[in-house]
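Participant: Take a look at structure08.cif, mmCIF, C-alpha atoms:
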```cif
data_input
loop_
_atom_site.label_atom_id
_atom_site.label_comp_id
_atom_site.auth_asym_id
_atom_site.auth_seq_id
_atom_site.Cartn_x
_atom_site.Cartn_y
_atom_site.Cartn_z
CA MET Z 161 -4.21 -73.30 -97.23
CA LYS Z 162 -6.50 -73.29 -94.21
CA ILE Z 163 -4.80 -71.60 -91.25
CA THR Z 164 -5.91 -71.07 -87.67
CA LEU Z 165 -4.25 -68.09 -85.99
CA ILE Z 166 -4.29 -67.95 -82.19
CA THR Z 167 -3.45 -64.69 -80.44
CA PRO Z 168 -3.54 -63.67 -76.78
CA TYR Z 169 -5.02 -60.30 -77.74
CA TYR Z 170 -7.05 -59.01 -80.66
CA HIS Z 171 -9.02 -56.32 -78.82
CA PRO Z 172 -7.98 -53.59 -78.34
CA PRO Z 173 -6.10 -53.47 -81.65
CA ALA Z 174 -3.39 -51.22 -80.17
CA ARG Z 175 -1.66 -54.04 -78.26
CA GLY Z 176 1.46 -55.47 -79.87
CA ASN Z 177 0.12 -59.01 -80.29
CA ALA Z 178 -3.10 -57.63 -81.77
CA VAL Z 179 -1.20 -55.46 -84.27
CA THR Z 180 0.91 -58.46 -85.31
CA ALA Z 181 -2.06 -60.83 -85.55
CA ARG Z 182 -4.16 -58.42 -87.62
CA ARG Z 183 -1.28 -57.70 -90.00
CA ILE Z 184 -0.51 -61.40 -90.59
CA GLU Z 185 -4.22 -62.14 -91.00
CA ARG Z 186 -4.63 -59.44 -93.66
CA GLN Z 187 -1.55 -60.49 -95.58
CA LEU Z 188 -2.45 -64.19 -95.60
CA ARG Z 189 -5.99 -63.47 -96.77
CA ALA Z 190 -4.68 -61.14 -99.47
CA ALA Z 191 -2.53 -64.05 -100.68
CA GLY Z 192 -5.67 -66.18 -101.04
CA HIS Z 193 -5.51 -68.31 -97.89
CA ALA Z 194 -8.38 -69.03 -95.49
CA VAL Z 195 -7.60 -67.66 -92.03
CA THR Z 196 -9.58 -68.14 -88.82
CA VAL Z 197 -8.48 -66.02 -85.86
CA HIS Z 198 -9.13 -67.11 -82.29
CA SER Z 199 -8.34 -64.57 -79.59
CA LEU Z 200 -7.96 -65.43 -75.92
CA ASP Z 201 -9.32 -62.02 -74.92
CA ALA Z 202 -12.60 -62.91 -76.65
CA ALA Z 203 -13.11 -66.59 -75.77
CA PRO Z 204 -11.75 -69.06 -73.19
CA ALA Z 205 -9.18 -71.61 -74.28
CA GLU Z 206 -11.68 -74.48 -73.90
CA ASP Z 207 -14.07 -72.91 -76.42
CA ILE Z 208 -11.29 -72.23 -78.90
CA LEU Z 209 -10.05 -75.80 -78.58
CA ARG Z 210 -13.56 -77.13 -79.30
CA ARG Z 211 -13.87 -74.93 -82.39
CA ILE Z 212 -10.52 -76.07 -83.76
CA THR Z 213 -11.37 -79.71 -83.17
CA ALA Z 214 -14.75 -79.31 -84.88
CA ASP Z 215 -13.27 -77.60 -87.94
CA PRO Z 216 -9.61 -78.63 -88.23
CA PRO Z 217 -7.24 -76.42 -90.26
CA ASP Z 218 -4.11 -77.44 -92.13
CA LEU Z 219 -1.93 -75.60 -89.64
CA ILE Z 220 -2.16 -73.83 -86.28
CA HIS Z 221 -0.11 -70.65 -85.82
CA ALA Z 222 0.02 -69.26 -82.28
CA LEU Z 223 1.48 -65.98 -81.05
CA HIS Z 224 3.25 -66.18 -77.65
CA ALA Z 225 4.61 -69.55 -76.55
CA TYR Z 226 2.85 -69.57 -73.19
CA LEU Z 227 -0.40 -67.69 -73.74
CA GLY Z 228 -1.19 -68.87 -77.25
CA GLY Z 229 0.83 -72.07 -77.13
CA ALA Z 230 0.35 -73.73 -73.75
CA GLY Z 231 -3.28 -72.68 -73.50
CA VAL Z 232 -4.48 -73.79 -76.93
CA ALA Z 233 -2.02 -74.67 -79.70
CA ARG Z 234 -0.27 -77.59 -77.99
CA GLU Z 235 -3.54 -79.08 -76.74
CA ALA Z 236 -5.16 -78.69 -80.15
CA GLY Z 237 -2.17 -80.30 -81.80
CA ARG Z 238 -2.25 -83.23 -79.42
CA ALA Z 239 -6.01 -83.70 -79.90
CA THR Z 240 -6.03 -83.47 -83.70
CA GLY Z 241 -2.52 -84.27 -84.89
CA ILE Z 242 -2.36 -80.89 -86.65
CA PRO Z 243 1.12 -79.31 -86.60
CA TYR Z 244 1.54 -75.98 -84.89
CA LEU Z 245 3.92 -73.06 -85.24
CA ILE Z 246 4.83 -70.65 -82.44
CA THR Z 247 5.86 -67.03 -82.92
CA LEU Z 248 7.76 -65.71 -79.91
CA THR Z 249 6.53 -62.22 -79.05
CA GLY Z 250 8.51 -61.05 -76.01
CA SER Z 251 7.27 -61.88 -72.54
CA ASP Z 252 7.26 -65.60 -73.39
CA VAL Z 253 11.06 -65.45 -73.80
CA TYR Z 254 11.97 -62.78 -71.24
CA GLU Z 255 9.49 -63.79 -68.51
CA ALA Z 256 7.71 -67.11 -69.06
CA LEU Z 257 10.94 -68.99 -69.78
CA GLU Z 258 12.40 -67.56 -66.57
CA ASP Z 259 9.60 -68.06 -64.02
CA THR Z 260 7.09 -70.71 -62.91
CA ARG Z 261 5.75 -71.00 -66.47
CA ARG Z 262 9.09 -72.30 -67.72
CA ARG Z 263 8.19 -75.99 -67.87
CA ASP Z 264 4.94 -75.45 -69.80
CA THR Z 265 6.59 -72.96 -72.14
CA LEU Z 266 9.45 -75.33 -72.91
CA ALA Z 267 7.01 -78.17 -73.58
CA VAL Z 268 5.21 -75.99 -76.13
CA LEU Z 269 8.45 -75.10 -77.90
CA ARG Z 270 9.72 -78.68 -77.96
CA ASP Z 271 6.50 -80.04 -79.46
CA ALA Z 272 6.13 -77.26 -82.05
CA ALA Z 273 6.77 -78.05 -85.70
CA ALA Z 274 8.54 -74.70 -85.92
CA VAL Z 275 9.32 -71.68 -83.75
CA ALA Z 276 9.71 -68.19 -85.23
CA ALA Z 277 11.53 -65.26 -83.64
CA PHE Z 278 11.48 -61.68 -84.88
CA HIS Z 279 15.28 -61.34 -84.73
CA LYS Z 280 18.37 -63.49 -84.36
CA CYS Z 281 19.03 -61.98 -80.91
CA VAL Z 282 15.88 -63.71 -79.62
CA ARG Z 283 16.78 -66.97 -81.36
CA CYS Z 284 20.25 -66.86 -79.81
CA ARG Z 285 18.85 -66.13 -76.36
CA VAL Z 286 16.60 -69.19 -76.55
CA LEU Z 287 19.27 -71.47 -78.02
CA ASP Z 288 21.87 -70.45 -75.45
CA HIS Z 289 19.72 -72.19 -72.85
CA HIS Z 290 17.90 -74.73 -75.05
CA PRO Z 291 20.18 -75.75 -77.97
CA SER Z 292 17.95 -78.74 -78.79
CA LEU Z 293 15.50 -76.29 -80.42
CA ALA Z 294 18.01 -75.22 -83.10
CA GLU Z 295 16.49 -77.27 -85.93
CA THR Z 296 12.99 -75.86 -85.49
CA MET Z 297 13.81 -72.18 -84.90
CA ALA Z 298 13.50 -69.64 -87.71
CA VAL Z 299 13.92 -65.86 -87.83
CA ILE Z 300 11.11 -63.89 -89.48
CA PRO Z 301 11.28 -60.10 -89.04
CA GLN Z 302 8.05 -58.25 -88.43
CA GLY Z 303 6.49 -56.25 -91.21
CA VAL Z 304 5.09 -52.78 -90.63
CA GLU Z 305 1.85 -51.17 -91.78
CA LEU Z 306 1.23 -47.47 -91.22
CA PRO Z 307 -1.72 -46.81 -88.89
CA GLY Z 308 -4.48 -44.31 -89.69
CA GLU Z 309 -4.43 -40.60 -88.86
CA GLU Z 310 -8.03 -39.67 -87.94
CA PHE Z 311 -7.08 -38.23 -84.56
CA ASP Z 312 -9.21 -35.55 -82.87
CA TRP Z 313 -6.71 -33.17 -81.29
CA GLY Z 314 -9.41 -31.30 -79.35
CA ASN Z 315 -7.77 -28.55 -77.32
CA GLU Z 316 -4.28 -29.93 -77.89
CA ARG Z 317 -2.37 -27.72 -80.31
CA PHE Z 318 1.29 -27.98 -81.21
CA ASP Z 319 1.83 -25.28 -83.78
CA ARG Z 320 4.12 -22.82 -81.98
CA GLY Z 321 7.45 -24.52 -82.39
CA GLU Z 322 6.95 -27.17 -79.71
CA PHE Z 323 9.29 -30.15 -79.88
CA VAL Z 324 7.19 -33.27 -79.26
CA PHE Z 325 8.58 -36.49 -77.80
CA PHE Z 326 5.99 -39.25 -78.31
CA LEU Z 327 5.79 -42.57 -76.45
CA PRO Z 328 3.20 -45.08 -77.75
CA ALA Z 329 2.88 -47.85 -75.15
CA GLY Z 330 0.40 -49.70 -73.03
CA LEU Z 331 0.81 -48.79 -69.36
CA ARG Z 332 2.46 -51.80 -67.75
CA PRO Z 333 5.82 -52.15 -66.00
CA VAL Z 334 7.76 -53.60 -68.93
CA LYS Z 335 7.06 -50.46 -71.00
CA ASN Z 336 8.65 -48.24 -68.33
CA ALA Z 337 6.57 -45.29 -69.57
CA ALA Z 338 7.36 -42.93 -66.69
CA PHE Z 339 11.12 -43.19 -67.27
CA ALA Z 340 11.30 -40.23 -69.65
CA LEU Z 341 9.63 -37.74 -67.31
CA GLY Z 342 12.74 -36.99 -65.22
CA PRO Z 343 15.19 -36.24 -68.02
CA LEU Z 344 12.55 -34.47 -70.12
CA ALA Z 345 11.68 -32.26 -67.13
CA GLU Z 346 15.34 -31.17 -67.03
CA LEU Z 347 15.32 -30.58 -70.79
CA HIS Z 348 12.07 -28.61 -70.48
CA ARG Z 349 13.72 -26.30 -67.97
CA GLU Z 350 16.38 -25.60 -70.59
CA GLU Z 351 13.94 -25.41 -73.51
CA PRO Z 352 10.30 -24.66 -72.56
CA ARG Z 353 9.06 -25.81 -75.97
CA VAL Z 354 9.66 -29.47 -75.03
CA ARG Z 355 6.48 -31.58 -74.85
CA PHE Z 356 5.89 -35.23 -73.96
CA LEU Z 357 2.91 -37.23 -75.22
CA LEU Z 358 2.03 -40.72 -73.97
CA ALA Z 359 -0.69 -42.81 -75.63
CA GLY Z 360 -1.81 -46.34 -74.83
CA PRO Z 361 -4.27 -48.39 -72.81
CA VAL Z 362 -3.84 -48.95 -69.06
CA LEU Z 363 -2.87 -52.64 -68.89
CA ASP Z 364 -1.68 -52.71 -65.29
CA ARG Z 365 -3.93 -50.74 -62.94
CA GLU Z 366 -1.36 -50.05 -60.24
CA TYR Z 367 1.41 -49.09 -62.65
CA GLY Z 368 -1.01 -47.03 -64.74
CA ALA Z 369 -2.19 -45.05 -61.70
CA ALA Z 370 1.39 -44.31 -60.64
CA THR Z 371 2.33 -43.22 -64.17
CA LEU Z 372 -0.65 -40.90 -64.53
CA GLU Z 373 0.06 -39.39 -61.13
CA ALA Z 374 3.64 -38.70 -62.21
CA ILE Z 375 2.46 -37.12 -65.46
CA ASP Z 376 0.12 -34.82 -63.55
CA CYS Z 377 3.17 -33.33 -61.84
CA HIS Z 378 4.66 -32.20 -65.16
CA PRO Z 379 2.73 -29.56 -67.14
CA PHE Z 380 4.70 -30.29 -70.31
CA ALA Z 381 3.45 -33.91 -70.36
CA ARG Z 382 0.08 -35.27 -71.53
CA TYR Z 383 -1.50 -38.71 -71.35
CA LEU Z 384 -3.87 -39.10 -74.31
CA GLY Z 385 -5.39 -42.41 -73.25
CA GLU Z 386 -5.89 -45.32 -75.59
CA VAL Z 387 -5.69 -44.17 -79.21
CA GLY Z 388 -7.06 -46.49 -81.89
CA ARG Z 389 -5.14 -47.77 -84.89
CA ASP Z 390 -7.23 -45.53 -87.12
CA ALA Z 391 -5.91 -42.44 -85.34
CA ILE Z 392 -2.48 -42.99 -83.83
CA GLY Z 393 -0.70 -42.28 -87.09
CA ALA Z 394 -1.43 -38.57 -86.55
CA LEU Z 395 0.64 -38.68 -83.36
CA PHE Z 396 3.55 -40.34 -85.11
CA ARG Z 397 3.39 -37.76 -87.88
CA ARG Z 398 3.35 -34.82 -85.45
CA ALA Z 399 6.13 -36.20 -83.25
CA ASP Z 400 9.64 -34.87 -83.57
CA ALA Z 401 11.06 -37.98 -81.90
CA VAL Z 402 9.58 -41.30 -80.76
CA ILE Z 403 10.59 -42.96 -77.48
CA ASN Z 404 10.78 -46.63 -76.55
CA SER Z 405 11.84 -47.09 -72.92
CA SER Z 406 10.92 -50.78 -72.54
CA THR Z 407 12.91 -53.12 -70.32
CA PHE Z 408 12.56 -55.82 -72.98
CA GLU Z 409 10.95 -56.37 -76.38
CA GLY Z 410 10.32 -59.53 -78.34
CA GLY Z 411 12.83 -58.75 -81.06
CA MET Z 412 11.43 -55.46 -82.34
CA ALA Z 413 8.50 -53.34 -81.23
CA ASN Z 414 5.73 -52.52 -83.69
CA SER Z 415 5.83 -48.95 -82.40
CA VAL Z 416 9.53 -48.59 -83.23
CA LEU Z 417 9.02 -49.93 -86.74
CA GLU Z 418 6.06 -47.60 -87.21
CA ALA Z 419 8.11 -44.62 -86.02
CA LEU Z 420 10.81 -45.46 -88.55
CA ALA Z 421 8.20 -45.91 -91.28
CA PHE Z 422 6.95 -42.40 -90.56
CA GLY Z 423 10.50 -41.10 -90.85
CA LYS Z 424 10.93 -40.22 -87.17
CA PRO Z 425 14.15 -40.56 -85.17
CA VAL Z 426 13.87 -43.11 -82.36
CA LEU Z 427 15.25 -42.73 -78.84
CA ALA Z 428 15.26 -46.25 -77.43
CA SER Z 429 16.47 -48.19 -74.41
CA TYR Z 430 19.56 -50.33 -74.88
CA ILE Z 431 17.89 -53.75 -75.00
CA ASP Z 432 18.09 -56.65 -77.45
CA GLY Z 433 14.82 -55.85 -79.17
CA ASN Z 434 15.62 -52.21 -79.78
CA ARG Z 435 19.21 -52.89 -80.84
CA SER Z 436 17.85 -55.24 -83.50
CA VAL Z 437 16.42 -52.31 -85.47
CA VAL Z 438 17.69 -49.01 -84.01
CA LYS Z 439 21.22 -48.41 -85.24
CA GLU Z 440 23.11 -45.91 -83.12
CA GLY Z 441 23.53 -42.64 -84.96
CA THR Z 442 21.95 -44.08 -88.10
CA THR Z 443 18.22 -44.54 -87.41
CA GLY Z 444 18.15 -43.23 -83.86
CA PHE Z 445 19.89 -43.40 -80.51
CA LEU Z 446 20.10 -46.03 -77.76
CA PHE Z 447 20.34 -45.02 -74.11
CA ARG Z 448 21.49 -46.89 -70.99
CA GLY Z 449 20.16 -44.49 -68.40
CA GLU Z 450 18.73 -41.03 -67.74
CA ARG Z 451 21.95 -39.16 -68.55
CA GLU Z 452 22.35 -40.75 -71.97
CA PHE Z 453 18.66 -40.23 -72.67
CA LEU Z 454 18.93 -36.54 -71.78
CA ASP Z 455 22.07 -36.03 -73.88
CA ARG Z 456 20.57 -37.66 -76.96
CA ALA Z 457 17.20 -35.90 -76.51
CA ARG Z 458 19.07 -32.60 -76.30
CA ASP Z 459 20.95 -33.44 -79.50
CA LEU Z 460 17.68 -34.05 -81.34
CA LEU Z 461 16.10 -30.90 -79.94
CA ARG Z 462 18.98 -28.62 -80.90
CA ASN Z 463 19.84 -30.18 -84.24
CA PRO Z 464 16.73 -30.57 -86.45
CA ALA Z 465 18.86 -31.68 -89.39
CA LEU Z 466 20.10 -34.62 -87.32
CA GLY Z 467 16.54 -35.76 -86.64
CA ARG Z 468 15.62 -35.47 -90.31
CA ARG Z 469 18.65 -37.50 -91.36
CA LEU Z 470 17.96 -40.26 -88.84
CA GLY Z 471 14.30 -40.32 -89.83
CA GLU Z 472 15.01 -40.67 -93.54
CA GLN Z 473 17.49 -43.45 -92.93
CA GLY Z 474 14.95 -45.22 -90.71
CA ARG Z 475 12.27 -44.94 -93.38
CA GLU Z 476 14.62 -46.44 -95.95
CA LEU Z 477 15.50 -49.30 -93.59
CA VAL Z 478 11.81 -50.19 -93.20
CA ARG Z 479 11.26 -50.11 -96.95
CA GLU Z 480 14.16 -52.47 -97.53
CA ARG Z 481 13.70 -54.99 -94.72
CA PHE Z 482 10.30 -54.86 -93.05
CA SER Z 483 7.54 -55.11 -95.65
CA PRO Z 484 4.38 -57.00 -94.59
CA GLY Z 485 4.44 -58.92 -97.86
CA ARG Z 486 7.92 -60.23 -97.19
CA GLU Z 487 6.89 -61.24 -93.67
CA ALA Z 488 3.83 -63.13 -94.98
CA GLU Z 489 5.82 -64.94 -97.66
CA ALA Z 490 8.35 -66.06 -95.06
CA TYR Z 491 5.55 -67.51 -92.95
CA LEU Z 492 3.98 -69.19 -95.99
CA GLU Z 493 7.30 -70.80 -96.85
CA LEU Z 494 7.49 -72.10 -93.28
CA TYR Z 495 3.87 -73.31 -93.47
CA ARG Z 496 4.61 -75.23 -96.67
CA ARG Z 497 7.66 -76.82 -95.13
CA ILE Z 498 5.68 -77.90 -92.09
CA THR Z 499 2.65 -79.28 -93.95
CA GLY Z 500 4.37 -80.50 -97.11
CA ALA Z 501 1.86 -78.50 -99.17
#
```
With the file now loaded, output its structure as structure tokens.
Facilitator:
Amino acid sequence: MKITLITPYYHPPARGNAVTARRIERQLRAAGHAVTVHSLDAAPAEDILRRITADPPDLIHALHAYLGGAGVAREAGRATGIPYLITLTGSDVYEALEDTRRRDTLAVLRDAAAVAAFHKCVRCRVLDHHPSLAETMAVIPQGVELPGEEFDWGNERFDRGEFVFFLPAGLRPVKNAAFALGPLAELHREEPRVRFLLAGPVLDREYGAATLEAIDCHPFARYLGEVGRDAIGALFRRADAVINSSTFEGGMANSVLEALAFGKPVLASYIDGNRSVVKEGTTGFLFRGEREFLDRARDLLRNPALGRRLGEQGRELVRERFSPGREAEAYLELYRRITGA
């Protein structure tokens, strides 16, 4: 099958859409299919549309209903008659369907041959407001691939019993990266071995500046900048617990799945996306505010056996439910249904 994959981001590879696009691309190619990737951070929509029209695929698969769908997939489908599939990735559901982009986003979803969500909670959220999409909506959980571990620690050393909380996230408001500083500062006063590491690109300049300024006020915290996919695995492996403090996720965050795959307990905000994979007291903890975060962080700090148990159960969950091969086969089944191949 000849597939065109459209993604809002492919560079840098640390962004969620880029991680998802690269994983799907690799799996489809490994299964023997021809895949062309067009990224909106590398070329304008008009150029991508011309390329698709000049060399039509059997199917167009776009990540993000508004960015990948409204900008390219829907127009390409209308120009060529090629069916397109949309994978909902987060801000299309939790922002674009709620603001001035709503009309364009809905048009994309209504014209799509199929719409995939990472979890049933996202499907239900969409169908609660737009039940007419029920026949085209499918649930395909994300797969997870472990990132590389070639990280240069430089002067950073954590070999004296430090307890490391790690937050992998791009610096933008939805990731709420500065949230953990307050409760972790209190925990650090109780236990000086507490450390906080934040890694990810600055995606919102104003929010990034405010976050880095806040980190500078806390000696136990470090911002490591943007860490490539070939290196960030070392941070997961060294972490004692992994944080996700997002205000929303598109069903499940790649970083949460990766933390579980590395056998790390997850401390995550109580949102749909995190609840879809983090099971309270089984693979991690969910918090509704600073007090719950502090209490659960303290539990992990003072009970190493608890963290090990949660981590092992998380690793087993990923093995059973979130393999990249299973994800790719689910998409291929959907592709075949759409194209009749």
Participant: Name the residues that the PyMOL selection byres ((chain Z and resi 452) around 12) picks from the file above, as a ChimeraX atom specification, using the file's chain letters and numbers.
Facilitator: /Z:340,343-344,427-430,445-451,453-459
Participant: With the file shown as input, list the residues that the PyMOL selection byres ((chain Z and resi 483-486) around 8) selects, as a ChimeraX atom specification.
Facilitator: /Z:183-184,187,302-305,478-482,487-490
Participant: Starting from the PyMOL selection byres ((chain Z and resi 381) around 12), expand the selection into actual residues of this file and give them as a PyMOL selection string.
Facilitator: chain Z and resi 316+323-327+337-338+340-342+344-345+348+352-359+371-380+382-384
Participant: Report, in Å to a single decimal, how far apart CA of Thr196 (chain Z) and CA of Val232 (chain Z) are.
Facilitator: 14.1 Å
Participant: Which is closer to Val362 (chain Z) than all the others in Z:Phe311, Z:Leu331, Z:Ile208, Z:Ile392, using all atoms listed in the file?
Facilitator: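 Closest candidate: Z:Leu331.
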Participant: Restricting the calculation to only C-alpha atoms: of Z:Ala272, Z:Leu248, Z:Val387, Z:Leu420, which residue gets closest to Arg468 (chain Z)?
Facilitator: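 Once distances to Arg468 (chain Z) are computed over only C-alpha atoms, the minimum belongs to Z:Leu420.
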